[in-house]
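S.K.: The file below is run-v9.txt, compact mmCIF, C-alpha atoms and all ligand atoms:
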# COMPACT_ATOMS: atom_id res chain seq x y z
CA MET A 1 3.63 11.34 -53.38
CA SER A 2 5.72 14.51 -53.48
CA ALA A 3 7.84 13.67 -50.44
CA THR A 4 11.58 14.02 -50.76
CA GLN A 5 13.48 10.78 -51.21
CA PHE A 6 16.56 10.71 -49.07
CA PHE A 7 18.95 7.92 -49.94
CA THR A 8 17.23 5.37 -52.15
CA ASP A 9 14.59 4.93 -54.80
CA PRO A 10 11.30 3.63 -53.48
CA PRO A 11 10.78 -0.10 -53.71
CA THR A 12 8.32 -1.13 -56.37
CA ASP A 13 6.04 -2.83 -53.86
CA ALA A 14 4.68 -0.98 -50.81
CA PRO A 15 6.74 -1.43 -47.62
CA ALA A 16 4.95 -3.40 -44.93
CA ILE A 17 5.75 -1.37 -41.81
CA ALA A 18 5.60 2.41 -41.40
CA VAL A 19 7.84 4.11 -38.81
CA ILE A 20 7.02 7.76 -38.04
CA GLY A 21 10.11 9.67 -36.88
CA ALA A 22 13.77 9.22 -37.81
CA GLY A 23 15.32 10.10 -34.47
CA LEU A 24 17.37 7.45 -32.70
CA ALA A 25 14.32 5.42 -31.59
CA GLY A 26 12.83 5.23 -35.10
CA LEU A 27 16.17 4.29 -36.63
CA ALA A 28 16.91 1.62 -34.00
CA CYS A 29 13.45 0.12 -34.51
CA SER A 30 13.73 0.21 -38.32
CA ASN A 31 17.15 -1.39 -38.18
CA VAL A 32 15.95 -4.45 -36.26
CA LEU A 33 12.85 -4.81 -38.45
CA THR A 34 14.74 -4.57 -41.75
CA GLN A 35 17.44 -6.97 -40.56
CA ALA A 36 14.65 -9.48 -39.89
CA GLY A 37 13.54 -9.10 -43.50
CA HIS A 38 10.66 -6.65 -43.12
CA ARG A 39 10.22 -3.76 -45.51
CA VAL A 40 10.05 -0.42 -43.71
CA ALA A 41 8.93 3.05 -44.78
CA LEU A 42 10.45 5.68 -42.50
CA PHE A 43 8.94 9.18 -42.39
CA ASP A 44 10.24 12.37 -40.80
CA LYS A 45 8.91 15.90 -40.99
CA ALA A 46 12.48 17.24 -40.90
CA ARG A 47 14.91 17.44 -43.84
CA GLY A 48 17.08 14.64 -42.48
CA PRO A 49 17.44 12.13 -39.65
CA GLY A 50 18.43 13.07 -36.11
CA GLY A 51 15.49 14.55 -34.19
CA ARG A 52 16.85 15.73 -30.84
CA MET A 53 20.34 14.52 -31.82
CA SER A 54 20.47 17.11 -34.63
CA SER A 55 23.42 19.33 -35.44
CA LYS A 56 23.27 22.64 -37.28
CA ARG A 57 25.80 23.60 -39.93
CA ARG A 58 26.55 27.30 -39.70
CA PRO A 59 28.82 29.00 -42.25
CA GLU A 60 31.87 28.71 -39.97
CA ALA A 61 31.12 25.88 -37.53
CA THR A 62 28.81 22.98 -36.73
CA VAL A 63 26.88 23.20 -33.48
CA ASP A 64 24.99 20.41 -31.71
CA LEU A 65 21.47 21.62 -30.93
CA GLY A 66 20.11 18.86 -28.68
CA ALA A 67 22.02 16.16 -26.79
CA GLN A 68 25.70 17.08 -26.36
CA ALA A 69 26.92 13.78 -24.88
CA PHE A 70 25.44 10.55 -23.56
CA THR A 71 26.16 7.75 -21.12
CA VAL A 72 25.92 3.98 -21.56
CA ARG A 73 24.56 1.56 -18.95
CA ASP A 74 22.75 -1.27 -20.75
CA ASP A 75 24.75 -4.15 -22.31
CA ASP A 76 22.80 -4.13 -25.60
CA PHE A 77 23.33 -0.40 -25.96
CA ALA A 78 27.02 -0.78 -25.06
CA ALA A 79 27.38 -3.30 -27.91
CA GLU A 80 25.65 -0.88 -30.30
CA VAL A 81 27.94 1.99 -29.25
CA GLU A 82 30.92 -0.30 -29.96
CA ARG A 83 29.55 -0.78 -33.50
CA TRP A 84 29.27 3.01 -33.85
CA ARG A 85 32.85 3.37 -32.63
CA ALA A 86 33.99 0.84 -35.23
CA ALA A 87 32.14 2.86 -37.89
CA GLY A 88 33.88 6.02 -36.64
CA CYS A 89 30.73 8.01 -35.85
CA VAL A 90 31.13 8.16 -32.07
CA ALA A 91 33.96 8.94 -29.65
CA GLU A 92 34.49 9.49 -25.94
CA TRP A 93 33.84 13.09 -24.90
CA PRO A 94 34.14 15.06 -22.66
CA ASN A 95 37.13 14.20 -20.52
CA SER A 96 37.42 17.70 -19.06
CA LEU A 97 34.21 18.64 -17.27
CA TYR A 98 33.63 21.58 -14.89
CA GLN A 99 31.03 23.06 -12.58
CA ALA A 100 30.81 26.73 -13.53
CA ASN A 101 29.67 29.59 -11.35
CA PRO A 102 30.78 33.21 -11.17
CA SER A 103 32.75 32.67 -7.96
CA GLY A 104 34.92 30.03 -9.62
CA TRP A 105 35.04 26.84 -11.68
CA GLN A 106 35.68 23.42 -10.18
CA THR A 107 36.53 20.22 -12.01
CA HIS A 108 33.65 17.75 -11.99
CA HIS A 109 34.31 13.99 -11.81
CA ASP A 110 31.32 11.67 -11.55
CA GLY A 111 33.06 8.53 -12.82
CA GLN A 112 30.84 8.33 -15.93
CA THR A 113 32.26 7.75 -19.41
CA ARG A 114 30.41 9.93 -21.93
CA TYR A 115 30.25 9.78 -25.71
CA THR A 116 29.41 12.19 -28.49
CA GLY A 117 28.87 11.88 -32.23
CA ALA A 118 31.96 12.35 -34.41
CA PRO A 119 32.42 14.74 -36.08
CA ARG A 120 28.97 15.96 -34.96
CA MET A 121 26.12 14.44 -32.91
CA SER A 122 24.01 13.91 -36.03
CA ALA A 123 26.76 11.64 -37.47
CA ILE A 124 25.25 8.76 -35.46
CA THR A 125 21.74 9.02 -36.88
CA ARG A 126 23.08 9.74 -40.37
CA HIS A 127 25.22 6.59 -40.16
CA LEU A 128 22.18 4.58 -39.06
CA ALA A 129 20.04 5.99 -41.87
CA GLU A 130 22.73 5.30 -44.47
CA THR A 131 23.26 1.71 -43.36
CA LEU A 132 19.52 1.16 -43.06
CA THR A 133 18.35 1.88 -46.56
CA PRO A 134 20.22 -0.88 -48.40
CA GLN A 135 18.53 -3.33 -46.05
CA GLY A 136 15.06 -2.66 -47.44
CA ALA A 137 13.95 0.63 -45.95
CA THR A 138 12.79 3.76 -47.72
CA PHE A 139 13.26 7.08 -45.97
CA TYR A 140 10.88 9.94 -46.76
CA THR A 141 12.15 13.27 -45.43
CA SER A 142 10.18 16.54 -45.15
CA THR A 143 7.07 14.38 -44.73
CA ARG A 144 4.89 15.18 -41.75
CA ILE A 145 2.23 12.54 -41.10
CA THR A 146 -1.01 14.21 -40.04
CA ALA A 147 -3.48 11.31 -39.78
CA LEU A 148 -3.76 7.52 -39.78
CA THR A 149 -6.67 5.53 -41.22
CA ASN A 150 -7.35 1.88 -40.50
CA THR A 151 -8.69 0.39 -43.75
CA ALA A 152 -9.57 -3.18 -44.71
CA ALA A 153 -6.22 -3.40 -46.54
CA GLY A 154 -4.18 -2.02 -43.62
CA TRP A 155 -3.01 1.37 -42.30
CA GLU A 156 -2.99 4.39 -44.59
CA LEU A 157 -0.99 7.49 -43.66
CA THR A 158 -2.02 11.00 -44.66
CA CYS A 159 0.89 13.37 -45.29
CA GLU A 160 0.73 17.12 -44.61
CA ASN A 161 0.49 17.84 -48.36
CA GLY A 162 -2.60 15.64 -48.65
CA ASP A 163 -0.90 12.58 -50.15
CA VAL A 164 -2.10 9.24 -48.77
CA VAL A 165 0.43 6.38 -48.56
CA GLY A 166 0.12 2.72 -47.63
CA PRO A 167 -1.29 0.31 -46.81
CA TYR A 168 0.98 -0.86 -43.97
CA THR A 169 0.43 -3.78 -41.63
CA GLN A 170 2.06 -1.99 -38.69
CA VAL A 171 2.61 1.67 -37.72
CA VAL A 172 5.29 2.62 -35.17
CA ILE A 173 5.07 6.20 -33.87
CA THR A 174 8.24 7.63 -32.31
CA ALA A 175 7.18 11.29 -32.15
CA PRO A 176 7.20 12.80 -28.62
CA PRO A 177 3.89 11.90 -26.87
CA PRO A 178 2.20 15.32 -27.27
CA GLN A 179 2.73 14.94 -31.04
CA ALA A 180 1.84 11.22 -31.12
CA GLU A 181 -1.35 12.00 -29.20
CA SER A 182 -3.17 13.59 -32.12
CA LEU A 183 -2.33 10.64 -34.39
CA VAL A 184 -3.67 7.94 -32.04
CA GLN A 185 -6.58 9.88 -30.50
CA PRO A 186 -9.40 8.67 -32.70
CA LEU A 187 -7.98 5.16 -33.02
CA ASP A 188 -6.68 3.77 -29.74
CA ASN A 189 -7.87 5.01 -26.35
CA THR A 190 -5.16 3.14 -24.43
CA LEU A 191 -2.32 4.72 -26.42
CA PHE A 192 -4.05 8.09 -26.27
CA SER A 193 -4.33 8.04 -22.47
CA LEU A 194 -0.70 6.86 -22.23
CA CYS A 195 0.37 9.93 -24.26
CA LYS A 196 -1.63 12.10 -21.86
CA ARG A 197 0.36 10.64 -18.95
CA LEU A 198 3.68 11.56 -20.61
CA PRO A 199 3.87 15.38 -20.53
CA GLN A 200 7.07 16.95 -21.87
CA GLN A 201 9.27 19.85 -20.78
CA SER A 202 10.53 22.49 -23.19
CA CYS A 203 14.14 23.61 -23.52
CA TRP A 204 15.93 26.39 -25.36
CA ALA A 205 19.35 25.65 -26.89
CA GLY A 206 21.56 28.50 -28.06
CA TRP A 207 24.85 28.76 -29.88
CA VAL A 208 27.57 31.37 -30.31
CA VAL A 209 30.42 31.20 -32.86
CA PHE A 210 33.52 33.31 -32.20
CA GLU A 211 36.17 34.69 -34.53
CA THR A 212 39.04 33.57 -32.26
CA PRO A 213 39.37 31.12 -29.35
CA LEU A 214 37.88 31.96 -25.96
CA PRO A 215 40.38 33.53 -23.55
CA ALA A 216 42.05 31.33 -20.93
CA LEU A 217 40.17 31.18 -17.64
CA PRO A 218 42.13 31.48 -14.41
CA GLY A 219 42.49 28.09 -12.72
CA VAL A 220 40.74 26.24 -15.57
CA ALA A 221 42.43 23.87 -18.07
CA SER A 222 42.85 25.66 -21.42
CA ASP A 223 41.22 22.70 -23.18
CA TRP A 224 38.08 22.55 -20.97
CA GLN A 225 35.30 20.84 -22.89
CA MET A 226 31.99 21.06 -21.05
CA ALA A 227 30.69 22.88 -17.98
CA ARG A 228 27.53 22.51 -15.93
CA ALA A 229 26.48 26.08 -15.16
CA GLN A 230 24.98 27.24 -11.90
CA HIS A 231 22.89 30.06 -13.32
CA PRO A 232 19.11 30.74 -13.41
CA ALA A 233 19.05 30.69 -17.25
CA LEU A 234 21.97 28.50 -18.28
CA ARG A 235 22.37 24.77 -17.53
CA LEU A 236 25.19 23.51 -19.76
CA ILE A 237 28.03 24.91 -21.86
CA ALA A 238 29.61 22.65 -24.52
CA ARG A 239 32.67 23.73 -26.48
CA ASN A 240 32.10 22.28 -29.93
CA ARG A 241 35.64 22.49 -31.29
CA THR A 242 36.88 20.26 -28.45
CA LYS A 243 34.64 17.47 -29.79
CA PRO A 244 36.43 14.78 -31.84
CA GLY A 245 36.72 15.78 -35.52
CA ARG A 246 35.93 19.48 -35.08
CA GLU A 247 39.37 20.72 -34.01
CA ALA A 248 39.87 22.70 -37.24
CA GLU A 249 36.63 24.69 -36.78
CA PRO A 250 36.52 28.11 -35.13
CA GLU A 251 35.50 28.35 -31.49
CA SER A 252 31.78 27.79 -30.84
CA VAL A 253 29.68 26.97 -27.80
CA SER A 254 26.31 25.25 -27.46
CA LEU A 255 24.33 26.73 -24.55
CA ILE A 256 21.58 24.55 -23.04
CA ALA A 257 19.07 26.52 -20.96
CA GLN A 258 17.57 25.61 -17.60
CA LEU A 259 14.14 23.93 -17.93
CA ASP A 260 12.30 26.40 -15.63
CA TRP A 261 13.81 29.33 -17.47
CA SER A 262 12.91 27.77 -20.82
CA LYS A 263 9.30 27.38 -19.70
CA ALA A 264 9.11 31.00 -18.60
CA HIS A 265 10.64 32.21 -21.90
CA LEU A 266 9.04 29.66 -24.23
CA GLU A 267 7.35 32.16 -26.56
CA ASP A 268 10.22 34.69 -26.60
CA GLU A 269 11.89 35.56 -29.91
CA ASN A 270 14.88 33.37 -30.89
CA ASP A 271 17.26 36.36 -31.10
CA ALA A 272 16.32 37.61 -27.63
CA VAL A 273 16.80 34.13 -26.14
CA ALA A 274 20.17 33.72 -27.87
CA GLN A 275 21.36 37.04 -26.44
CA GLN A 276 20.16 36.16 -22.92
CA LEU A 277 21.96 32.81 -23.02
CA PHE A 278 25.13 34.55 -24.20
CA ASP A 279 24.77 37.08 -21.36
CA ALA A 280 24.39 34.16 -18.96
CA LEU A 281 27.58 32.62 -20.36
CA LYS A 282 29.45 35.87 -19.78
CA SER A 283 28.19 36.03 -16.21
CA VAL A 284 29.42 32.53 -15.29
CA PHE A 285 32.88 33.32 -16.62
CA PRO A 286 35.17 34.68 -13.90
CA ALA A 287 35.31 38.46 -14.54
CA PRO A 288 36.87 40.44 -16.08
CA LEU A 289 37.22 38.75 -19.48
CA THR A 290 37.16 40.18 -22.98
CA PHE A 291 35.19 37.93 -25.31
CA PRO A 292 36.31 37.47 -28.94
CA LYS A 293 34.19 38.92 -31.75
CA VAL A 294 30.94 36.99 -32.31
CA THR A 295 30.46 35.83 -35.91
CA ASP A 296 27.17 33.97 -35.43
CA ILE A 297 24.58 33.63 -32.67
CA GLY A 298 21.19 31.92 -32.54
CA ALA A 299 18.78 29.74 -30.57
CA HIS A 300 16.50 26.76 -31.17
CA ARG A 301 13.34 26.03 -29.18
CA TRP A 302 12.72 22.35 -28.31
CA ARG A 303 9.04 22.41 -27.41
CA TYR A 304 9.24 18.73 -26.40
CA SER A 305 12.73 18.21 -25.04
CA GLN A 306 12.42 15.64 -22.25
CA PRO A 307 9.75 13.94 -20.12
CA ALA A 308 8.30 15.94 -17.22
CA GLU A 309 9.12 14.71 -13.73
CA ASP A 310 5.61 13.33 -13.25
CA ALA A 311 5.66 11.35 -16.53
CA ASP A 312 4.12 7.89 -15.98
CA MET A 313 6.23 5.66 -18.26
CA PRO A 314 5.23 2.09 -19.18
CA ALA A 315 7.36 -0.62 -17.54
CA GLU A 316 8.38 -2.07 -20.95
CA GLY A 317 9.67 1.30 -22.23
CA PHE A 318 7.37 1.11 -25.27
CA ALA A 319 3.68 0.43 -25.92
CA ILE A 320 1.90 -1.91 -28.33
CA GLY A 321 -1.69 -0.89 -29.02
CA ARG A 322 -4.47 -2.42 -31.07
CA ASP A 323 -4.60 -3.35 -34.75
CA GLY A 324 -0.86 -2.86 -35.35
CA LEU A 325 -0.28 0.54 -33.72
CA ALA A 326 2.73 1.00 -31.42
CA LEU A 327 4.60 3.80 -29.63
CA CYS A 328 8.27 4.09 -28.72
CA GLY A 329 10.86 6.82 -28.06
CA ASP A 330 12.92 8.12 -25.18
CA SER A 331 9.85 9.54 -23.44
CA LEU A 332 8.44 6.06 -22.83
CA ARG A 333 11.60 4.92 -21.09
CA GLY A 334 13.57 7.71 -19.43
CA GLY A 335 14.42 10.69 -21.60
CA ARG A 336 18.01 10.02 -22.62
CA VAL A 337 19.81 8.93 -25.80
CA GLU A 338 20.21 5.43 -24.38
CA ASP A 339 16.48 5.28 -23.58
CA ALA A 340 15.59 6.29 -27.15
CA TRP A 341 17.73 3.52 -28.66
CA LEU A 342 16.55 0.87 -26.18
CA SER A 343 12.89 1.83 -26.62
CA GLY A 344 13.06 1.46 -30.41
CA TYR A 345 15.24 -1.67 -30.30
CA ARG A 346 13.13 -3.50 -27.71
CA LEU A 347 9.83 -2.56 -29.37
CA ALA A 348 11.08 -4.02 -32.66
CA GLN A 349 12.11 -7.23 -30.87
CA ALA A 350 8.66 -7.49 -29.27
CA LEU A 351 6.96 -6.94 -32.63
CA LEU A 352 9.12 -9.63 -34.23
CA GLU A 353 8.17 -12.01 -31.45
CA GLU A 354 4.48 -11.21 -32.05
CA LYS A 355 4.90 -11.78 -35.78
CA GLY A 356 6.89 -14.99 -35.24
CA SER A 357 9.94 -13.15 -36.74
CA SER A 358 8.68 -13.86 -40.22
CA PRO A 359 8.88 -11.21 -42.92
CA ARG A 360 5.55 -10.47 -44.54
C1 LIG B 401 18.49 20.32 -25.43
C2 LIG B 401 18.58 18.83 -25.23
C3 LIG B 401 19.63 18.29 -24.51
C4 LIG B 401 19.73 16.91 -24.31
N1 LIG B 401 20.77 16.41 -23.61
C5 LIG B 401 20.91 15.07 -23.45
C6 LIG B 401 22.04 14.52 -22.79
O1 LIG B 401 22.92 15.25 -22.31
N2 LIG B 401 22.14 13.16 -22.68
C7 LIG B 401 21.18 12.32 -23.18
O2 LIG B 401 21.34 11.09 -23.08
N3 LIG B 401 20.10 12.82 -23.83
C8 LIG B 401 19.94 14.17 -23.97
N4 LIG B 401 18.85 14.67 -24.62
C9 LIG B 401 17.78 13.75 -25.01
C10 LIG B 401 18.05 13.02 -26.34
O3 LIG B 401 18.36 13.95 -27.34
C11 LIG B 401 16.78 12.23 -26.67
O4 LIG B 401 16.57 11.29 -25.64
C12 LIG B 401 16.80 11.45 -28.00
O5 LIG B 401 17.45 12.14 -29.02
C13 LIG B 401 15.34 11.15 -28.37
O6 LIG B 401 15.27 10.35 -29.54
P1 LIG B 401 13.84 9.86 -30.07
O7 LIG B 401 14.08 9.14 -31.33
O8 LIG B 401 13.11 9.18 -28.99
O9 LIG B 401 13.01 11.21 -30.35
P2 LIG B 401 13.32 12.37 -31.39
O10 LIG B 401 14.77 12.55 -31.57
O11 LIG B 401 12.52 13.55 -30.94
O12 LIG B 401 12.72 11.81 -32.76
C14 LIG B 401 11.35 11.93 -33.10
C15 LIG B 401 11.28 12.30 -34.58
O13 LIG B 401 9.91 12.30 -34.99
C16 LIG B 401 9.75 13.30 -35.96
N5 LIG B 401 8.31 13.60 -36.01
C17 LIG B 401 7.52 14.09 -35.01
N6 LIG B 401 6.24 14.17 -35.43
C18 LIG B 401 6.21 13.73 -36.71
C19 LIG B 401 5.17 13.57 -37.67
N7 LIG B 401 3.88 13.87 -37.38
N8 LIG B 401 5.49 13.11 -38.90
C20 LIG B 401 6.79 12.79 -39.21
N9 LIG B 401 7.81 12.94 -38.33
C21 LIG B 401 7.53 13.38 -37.09
C22 LIG B 401 10.63 14.45 -35.47
O14 LIG B 401 10.99 15.32 -36.53
C23 LIG B 401 11.83 13.69 -34.90
O15 LIG B 401 12.88 13.58 -35.85
C24 LIG B 401 18.74 16.04 -24.85
C25 LIG B 401 17.69 16.59 -25.60
C26 LIG B 401 17.60 17.96 -25.79
C27 LIG B 401 16.46 18.52 -26.61
Before anything else, please render the file you have as structure tokens.
Ligand SMILES: Cc1cc2nc3c(=O)[nH]c(=O)nc-3n(C[C@H](O)[C@H](O)[C@H](O)COP(=O)(O)OP(=O)(O)OC[C@H]3O[C@@H](n4cnc5c(N)ncnc54)[C@H](O)[C@@H]3O)c2cc1C
M.R.:
Amino acid sequence: MSATQFFTDPPTDAPAIAVIGAGLAGLACSNVLTQAGHRVALFDKARGPGGRMSSKRRPEATVDLGAQAFTVRDDDFAAEVERWRAAGCVAEWPNSLYQANPSGWQTHHDGQTRYTGAPRMSAITRHLAETLTPQGATFYTSTRITALTNTAAGWELTCENGDVVGPYTQVVITAPPPQAESLVQPLDNTLFSLCKRLPQQSCWAGWVVFETPLPALPGVASDWQMARAQHPALRLIARNRTKPGREAEPESVSLIAQLDWSKAHLEDENDAVAQQLFDALKSVFPAPLTFPKVTDIGAHRWRYSQPAEDADMPAEGFAIGRDGLALCGDSLRGGRVEDAWLSGYRLAQALLEEKGSSPR
């Protein structure tokens, strides 16, 4: 197999459970399974862990491309976030939140405590991947799984380059439902029709890096951190250097687009989208303001960013199919960081219960 090894050498015997996707759901699931003594092979088509909690290193600054911050409601997730805090990969942010529109900015208090990864959002998933592998998991990066085959010996996975790996007794798919759909289609009608009932919305995310700090805004705290924008194109502005651990970086903003606007501009060129999001940012700043010189600008298209409003999620927040196939991920539970973790964590607990918690 020509897949890139990430942190460890492969175990000499084949791992028993395959997990497709190393976003938060896949990592949470793998963590529970490996702690119970199961061997796990984790696959992701990307070069590292993170999925929609990815961050992008630019020459001057690091920008978060997906989730900027998250909330905590569930007790199990709260305990996990405490462990992340102890490990130093998460911190409270933002404490200074605004509603932004061209006629003025107002402070926004909704009573919620929010967290972000420190020093970048991807620090959380990297921490989980690093602590996972010594427990008996192997992580294959740059490995897109294109097909599953149910053989007499167990599940075999076909990689994009034609390699076939396995057998595995269990396959957990954490890819967003429109991507999971093609993997389960010939194998499990129930999981396939569930994927069909979980359509996803697309979202553009842009970034701009500046040579010098943004100018002070009249009536707005100089250390404002995040703003919800009231603009047809722009939904959220996050100031990356106000996030814990990034104070020494130059000024940069992550710009999350409105979902309707993203849908209408889905096939536009990245550069054109980046410029339009920057123009939107300028228009929600109280005029007249002179912006600092831009040193870097870009945009990333999330084709599957969050569940559509009519998504029909399973009550459990995950789905166990036939012959050892299962689905989890935020889209099966609610569409947020907390949902992703809970979906993966609770699926793993259910699988352990099914297996009598015994390692194979
Ligand atoms: C722009 C944006 C803003 C957001 N803002 C917030 C927010 O403010 N608060 C909040 O709580 N949440 C937010 N979210 C949602 C949050 O990021 C997600 O809920 C969470 O990251 C989903 O994790 P997951 O593991 O379920 O899925 P993902 O992170 O999507 O992980 C799935 C993984 O599967 C991999 N994969 C897919 N197909 C294959 C294949 N065939 N083979 C191998 N690997 C494959 C992908 O590369 C990916 O890494 C936001 C998301 C986006 C995109």
S.K.: What does the structure give for the distance between CA of Leu332 (chain A) and CA of Val32 (chain A), in Å to one decimal?
M.R.: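 That distance, rounded to one decimal, is 18.6 Å.
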S.K.: I'd like the box whose edges run along x, y and z of the file and which contains every listed atom of ligand LIG 401 (chain B), padded by 4 Å per side; could you state its centre and edge lengths in Å, one decimal, as JSON?
M.R.:
{"center_x": 13.4, "center_y": 14.7, "center_z": -30.8, "size_x": 27.0, "size_y": 19.2, "size_z": 24.9}
S.K.: Taking all atoms listed in the file and a cut-off of 7 Å, can you tell me which residues surround ligand LIG 401 (chain B), written as a ChimeraX atom specification?
M.R.: /A:20-26,43-46,49-53,65-71,143-146,174-176,179-180,203-205,256,302,305-306,329-331,335-340
S.K.: Could you check which of A:Leu194, A:Ile297, A:Val208, A:Val172 is closest to Asp323 (chain A), using all atoms listed in the file?
M.R.: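 Looking at the shortest contact to Asp323 (chain A), the residue is A:Val172.
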S.K.: Could you please determine the separation between CA of Cys29 (chain A) and CA of Thr125 (chain A) in Å, to one decimal place?
M.R.: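 Straight-line distance from CA of Cys29 (chain A) to CA of Thr125 (chain A) works out to 12.4 Å.
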S.K.: What's around Gly136 (chain A) at 9 Å? Count all atoms listed in the file, leave out sequence neighbours fewer than 3 positions away in its own chain, and write the answer as a PyMOL selection string.
M.R.: chain A and resi 11+15+34-35+37-41+132-133
S.K.: Each residue of region 207-282 of chain A lying at most 9 Å from region 112-123 of chain A should get a row with its shortest atom-to-atom pair and the distance in Å to one decimal, counting all atoms listed in the file; could you produce that, ordered by chain and increasing number, as a Markdown table?
M.R.:
| residue | atom | partner | partner_atom | distance |
| --- | --- | --- | --- | --- |
| A:Asn240 | CA | A:Arg120 | CA | 8.7 |
| A:Lys243 | CA | A:Pro119 | CA | 7.2 |
| A:Pro244 | CA | A:Ala118 | CA | 5.7 |
| A:Gly245 | CA | A:Pro119 | CA | 4.5 |
| A:Arg246 | CA | A:Pro119 | CA | 6.0 |
S.K.: For each of A:Gly356, A:Gly344, A:Gly334, A:Pro215, take the minimum atom-to-atom distance to Lys293 (chain A), counting all atoms listed in the file, then give the residue where this is smallest.
M.R.: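 Smallest separation from Lys293 (chain A) among the options: A:Pro215.
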S.K.: Just the residues within 6 Å of region 91-108 of chain A, please, counting all atoms listed in the file, with nothing from its chain fewer than 3 positions along; format it as a PyMOL selection string.
M.R.: chain A and resi 114-116+224-230+284-286
S.K.: What does the structure give for the distance between CA of Asn150 (chain A) and CA of Thr138 (chain A), in Å to one decimal?
M.R.: 21.5 Å
S.K.: Given the choices A:Thr169, A:Ser55, A:Arg47, A:Leu217, which gets closest to Ser142 (chain A) if the distance is worked out from only C-alpha atoms?
M.R.: A:Arg47
S.K.: A:Ala311, A:Leu128, A:Ala257, A:Leu351: which is nearest Val90 (chain A), counting only C-alpha atoms?
M.R.: A:Leu128
S.K.: Which protein, DNA or RNA residues are at most 10 Å from (37.0, 31.5, -35.5) in the file's coordinates when you count all atoms listed in the file, listed as a PyMOL selection string?
M.R.: chain A and resi 60-61+209-214+248-252+292-295
S.K.: Which of these residues is nearest to Pro199 (chain A), using all atoms listed in the file: A:Tyr304, A:Tyr140, A:Trp84, A:Phe318?
M.R.: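 That would be A:Tyr304, the residue with the smallest distance to Pro199 (chain A).
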S.K.: Tell me which of A:Glu353, A:Glu181, A:Glu316, A:Asp64 sits closest to Ala238 (chain A), counting all atoms listed in the file.
M.R.: A:Asp64
S.K.: Name the residues, using the chain letters and numbers of the file, that sit within 10 Å of (22.8, 37.6, -26.8) when counting only C-alpha atoms, and give them as a ChimeraX atom specification.
M.R.: /A:206-208,270-282,294,297-299
S.K.: Give me a file of those residues, with C-alpha atoms, as a PDB file, keeping the file's coordinate frame.
M.R.:
ATOM      1  CA  GLY A 206      21.560  28.500 -28.060  1.00  0.00           C
ATOM      2  CA  TRP A 207      24.850  28.760 -29.880  1.00  0.00           C
ATOM      3  CA  VAL A 208      27.570  31.370 -30.310  1.00  0.00           C
ATOM      4  CA  ASN A 270      14.880  33.370 -30.890  1.00  0.00           C
ATOM      5  CA  ASP A 271      17.260  36.360 -31.100  1.00  0.00           C
ATOM      6  CA  ALA A 272      16.320  37.610 -27.630  1.00  0.00           C
ATOM      7  CA  VAL A 273      16.800  34.130 -26.140  1.00  0.00           C
ATOM      8  CA  ALA A 274      20.170  33.720 -27.870  1.00  0.00           C
ATOM      9  CA  GLN A 275      21.360  37.040 -26.440  1.00  0.00           C
ATOM     10  CA  GLN A 276      20.160  36.160 -22.920  1.00  0.00           C
ATOM     11  CA  LEU A 277      21.960  32.810 -23.020  1.00  0.00           C
ATOM     12  CA  PHE A 278      25.130  34.550 -24.200  1.00  0.00           C
ATOM     13  CA  ASP A 279      24.770  37.080 -21.360  1.00  0.00           C
ATOM     14  CA  ALA A 280      24.390  34.160 -18.960  1.00  0.00           C
ATOM     15  CA  LEU A 281      27.580  32.620 -20.360  1.00  0.00           C
ATOM     16  CA  LYS A 282      29.450  35.870 -19.780  1.00  0.00           C
ATOM     17  CA  VAL A 294      30.940  36.990 -32.310  1.00  0.00           C
ATOM     18  CA  ILE A 297      24.580  33.630 -32.670  1.00  0.00           C
ATOM     19  CA  GLY A 298      21.190  31.920 -32.540  1.00  0.00           C
ATOM     20  CA  ALA A 299      18.780  29.740 -30.570  1.00  0.00           C
TER      21      ALA A 299
END
